[in-house]
Amino acid sequence: MKYALILLDLDETLLHTDKTISENTVRVLEKCREKGIWVGFSTSRGITNVQGFAEQVQPDIIIASGGAMVTCKGELIYTSLFSAEEIKTMMQKSIELCGPKTEITIDTVEKHYWNRHKENTGEFADWGEILYLDCDTFEEEALKVCVDTEDAESAGQIAACVPDCIAIKFSDIPWYKFSKKNATKEAAITYLAEYLDISYEEMIAFGDDFSDMGMLKMCGTGIAMENAIPQVKEVADAVTKSNNEDGVAYYLEKNVLQ
């Protein structure tokens, strides 16, 4: 199969558990690019949270905030945004349902906000700059909201408080992600296929979590990591080694570069 685009989830897929990318993986991705294959990130992280990894890999495409934002060669080509009023409504509903100490993060096109005070975010150094979120005064449109809850009923009520909102659970942390219905990895890929004039069959995607399932089913080849949740493995075309074993590089060397 001749591929035109490789799409890579980051956490627990391209990244090792310690949030690093091996030099071996960087080398393999560069070899793919030399063969004329575009390399893209496809992640739930906001754009500011991927910059360090982007400097290392130099991806051609970045699908950020779970599909709410897409850049191509550094140019912003797609966004799907909640209005400032919708964001305020969602924050109020989250605090009402989950309590006043509920943690909330918000991604705008250029910034990442969190209502955890900065001195308590040191362990997340790989996320780049984190700005303090004051839920009482914040008034900006945004790409996505994440809420510290694992309660499906509360997540459903938060999603229902504004139009065209979906909630997706993270498997590795007790949080939900909220975005517009047209702000998924699948929607971003649909836009990219037309923008780049390539078919889904020419795409190969790697992932491990709930938000990757649609992407893996949509692309011509969908690869699950060995450490992926069972639901992802069930929809994948194949399973590669784990993220800590450079599973992305291993599969590409064996099946794309040879």
# chains A, B, ... in the order shown; residues from 1 in each chain; ligands from 1
$ residues_around --residues "range 230-244 of chain A" --least-positions-apart "4" --cutoff "8 Å" --atoms "only C-alpha atoms" --output "ChimeraX atom specification"
/A:12-17,207-210,212-213,216-217,221-226,248,250-251
$ closest_atom_pairs --of "range 143-218 of chain A" --to "range 35-39 of chain A" --cutoff "10 Å" --atoms "only C-alpha atoms" --output "tab-separated table"
residue	atom	partner	partner_atom	distance
A:Glu202	CA	A:Ile37	CA	9.6
A:Met203	CA	A:Trp38	CA	9.5
A:Ile204	CA	A:Val39	CA	9.9
$ residues_around --residues "Gly46 in chain A" --least-positions-apart "4" --cutoff "7 Å" --atoms "only C-alpha atoms" --output "mmCIF file with all heavy atoms, in the first residue's frame"
data_model
loop_
_atom_site.group_PDB
_atom_site.id
_atom_site.type_symbol
_atom_site.label_atom_id
_atom_site.label_comp_id
_atom_site.auth_asym_id
_atom_site.auth_seq_id
_atom_site.Cartn_x
_atom_site.Cartn_y
_atom_site.Cartn_z
ATOM 1 N N VAL A 50 1.673 20.855 22.325
ATOM 2 C CA VAL A 50 2.397 19.962 21.427
ATOM 3 C C VAL A 50 3.660 20.593 20.853
ATOM 4 O O VAL A 50 4.405 19.941 20.118
ATOM 5 C CB VAL A 50 1.499 19.482 20.260
ATOM 6 C CG1 VAL A 50 0.229 18.861 20.782
ATOM 7 C CG2 VAL A 50 1.190 20.606 19.285
ATOM 8 N N ALA A 64 -5.196 19.279 16.457
ATOM 9 C CA ALA A 64 -5.098 19.542 17.896
ATOM 10 C C ALA A 64 -6.481 19.641 18.526
ATOM 11 O O ALA A 64 -7.499 19.730 17.830
ATOM 12 C CB ALA A 64 -4.317 20.833 18.139
ATOM 13 N N SER A 65 -6.503 19.610 19.853
ATOM 14 C CA SER A 65 -7.748 19.722 20.626
ATOM 15 C C SER A 65 -8.798 18.715 20.148
ATOM 16 O O SER A 65 -9.980 19.008 20.043
ATOM 17 C CB SER A 65 -8.297 21.150 20.563
ATOM 18 O OG SER A 65 -7.411 22.052 21.200
ATOM 19 N N ASP A 107 -8.947 25.023 26.100
ATOM 20 C CA ASP A 107 -8.025 25.348 25.013
ATOM 21 C C ASP A 107 -8.648 26.405 24.114
ATOM 22 O O ASP A 107 -9.755 26.208 23.599
ATOM 23 C CB ASP A 107 -7.737 24.126 24.142
ATOM 24 C CG ASP A 107 -6.831 23.112 24.810
ATOM 25 O OD1 ASP A 107 -6.147 23.481 25.780
ATOM 26 O OD2 ASP A 107 -6.813 21.952 24.357
ATOM 27 N N HIS A 112 -3.631 27.676 26.628
ATOM 28 C CA HIS A 112 -4.181 26.585 27.435
ATOM 29 C C HIS A 112 -4.408 27.105 28.854
ATOM 30 O O HIS A 112 -3.488 27.625 29.484
ATOM 31 C CB HIS A 112 -3.209 25.401 27.466
ATOM 32 C CG HIS A 112 -3.669 24.252 28.303
ATOM 33 N ND1 HIS A 112 -4.735 23.457 27.944
ATOM 34 C CD2 HIS A 112 -3.217 23.775 29.485
ATOM 35 C CE1 HIS A 112 -4.912 22.527 28.876
ATOM 36 N NE2 HIS A 112 -3.997 22.708 29.805
#
$ closest_atom_pairs --of "range 34-92 of chain A" --to "range 127-149 of chain A" --cutoff "12 Å" --atoms "only C-alpha atoms" --output "CSV"
residue,atom,partner,partner_atom,distance
A:Ser44,CA,A:Lys144,CA,9.2
A:Arg45,CA,A:Trp127,CA,8.2
A:Gly46,CA,A:Leu143,CA,8.5
A:Ile47,CA,A:Gly128,CA,9.6
A:Thr48,CA,A:Gly128,CA,6.2
A:Asn49,CA,A:Trp127,CA,4.3
A:Val50,CA,A:Trp127,CA,7.0
A:Gln51,CA,A:Gly128,CA,7.5
A:Gly52,CA,A:Gly128,CA,7.6
A:Phe53,CA,A:Trp127,CA,10.0
A:Ala54,CA,A:Gly128,CA,11.9
A:Ile63,CA,A:Leu143,CA,11.9
A:Ala64,CA,A:Leu143,CA,9.2
A:Ser65,CA,A:Lys144,CA,6.4
A:Gly66,CA,A:Lys144,CA,8.2
A:Gly67,CA,A:Leu143,CA,8.9
A:Ala68,CA,A:Leu143,CA,5.6
A:Met69,CA,A:Leu143,CA,7.3
A:Val70,CA,A:Leu143,CA,11.1
A:Tyr78,CA,A:Leu143,CA,11.0
A:Thr79,CA,A:Leu143,CA,7.5
A:Ser80,CA,A:Leu143,CA,6.2
A:Leu81,CA,A:Leu143,CA,4.7
A:Phe82,CA,A:Ala142,CA,5.3
A:Ser83,CA,A:Glu141,CA,4.5
A:Ala84,CA,A:Glu141,CA,4.2
A:Glu85,CA,A:Glu139,CA,7.4
A:Glu86,CA,A:Glu141,CA,8.1
A:Ile87,CA,A:Glu141,CA,6.9
A:Lys88,CA,A:Glu139,CA,7.1
A:Thr89,CA,A:Cys135,CA,10.4
A:Met90,CA,A:Val145,CA,8.2
A:Met91,CA,A:Cys135,CA,6.7
A:Gln92,CA,A:Cys135,CA,8.0
$ select_by_dssp --residues "range 63-127 of chain A" --states "strand (DSSP E)" --output "PyMOL selection string"
chain A and resi 63-64+69-72+75-79+104-107+112-114
$ atom_distance --atom1 "CA of Tyr200 in chain A" --atom2 "CA of Glu34 in chain A"
20.9 Å
$ residues_around --residues "Asp60 in chain A" --least-positions-apart "3" --cutoff "6 Å" --atoms "only C-alpha atoms" --output "list of chain:residue names"
A:Val39, A:Gly40, A:Cys72, A:Lys73
$ residues_around --residues "Ala159 in chain A" --least-positions-apart "4" --cutoff "10 Å" --atoms "only C-alpha atoms" --output "short mmCIF file (atom, residue, chain, number, x, y, z; two decimals) with N, CA and C atoms, in the first residue's frame"
data_model
loop_
_atom_site.label_atom_id
_atom_site.label_comp_id
_atom_site.auth_asym_id
_atom_site.auth_seq_id
_atom_site.Cartn_x
_atom_site.Cartn_y
_atom_site.Cartn_z
N MET A 90 -21.03 26.13 30.17
CA MET A 90 -20.46 24.82 30.47
C MET A 90 -19.69 24.83 31.77
N LYS A 93 -22.24 24.88 34.63
CA LYS A 93 -22.88 23.58 34.79
C LYS A 93 -21.92 22.57 35.40
N SER A 94 -20.66 22.61 35.03
CA SER A 94 -19.66 21.70 35.58
C SER A 94 -19.50 21.90 37.07
N GLU A 153 -23.25 10.48 33.80
CA GLU A 153 -24.50 11.26 33.83
C GLU A 153 -24.19 12.76 33.89
N SER A 154 -23.25 13.13 34.73
CA SER A 154 -22.87 14.55 34.80
C SER A 154 -22.29 15.02 33.48
N ALA A 155 -21.45 14.19 32.87
CA ALA A 155 -20.86 14.56 31.58
C ALA A 155 -21.95 14.77 30.54
N PRO A 163 -25.68 23.70 22.55
CA PRO A 163 -25.99 22.97 21.32
C PRO A 163 -24.77 22.27 20.72
N ASP A 164 -25.03 21.14 20.08
CA ASP A 164 -24.04 20.46 19.25
C ASP A 164 -22.74 20.14 19.99
N CYS A 165 -22.87 19.67 21.23
CA CYS A 165 -21.70 19.35 22.05
C CYS A 165 -21.64 17.84 22.29
N ILE A 166 -20.44 17.28 22.24
CA ILE A 166 -20.25 15.87 22.54
C ILE A 166 -19.26 15.72 23.69
N ALA A 167 -19.41 14.64 24.45
CA ALA A 167 -18.52 14.33 25.56
C ALA A 167 -17.81 13.01 25.27
N ILE A 168 -16.49 13.00 25.44
CA ILE A 168 -15.70 11.78 25.24
C ILE A 168 -14.86 11.55 26.48
N LYS A 177 -13.78 15.07 27.94
CA LYS A 177 -13.49 16.14 27.00
C LYS A 177 -14.79 16.54 26.30
N PHE A 178 -15.02 17.85 26.19
CA PHE A 178 -16.22 18.37 25.54
C PHE A 178 -15.82 19.22 24.34
N SER A 179 -16.43 18.93 23.22
CA SER A 179 -16.13 19.69 22.00
C SER A 179 -17.37 19.74 21.13
N LYS A 180 -17.31 20.54 20.09
CA LYS A 180 -18.39 20.59 19.13
C LYS A 180 -18.47 19.26 18.37
#
$ select_by_dssp --residues "range 59-243 of chain A" --states "helix (DSSP H, G or I)" --output "PyMOL selection string"
chain A and resi 65-67+84-98+118-120+122-127+152-160+185-196+200-202+210-218+230-235+243
$ closest_residue --among "A:Trp175, A:Gln258, A:Gln157, A:Val28" --to "Thr105 in chain A" --atoms "only C-alpha atoms"
A:Trp175
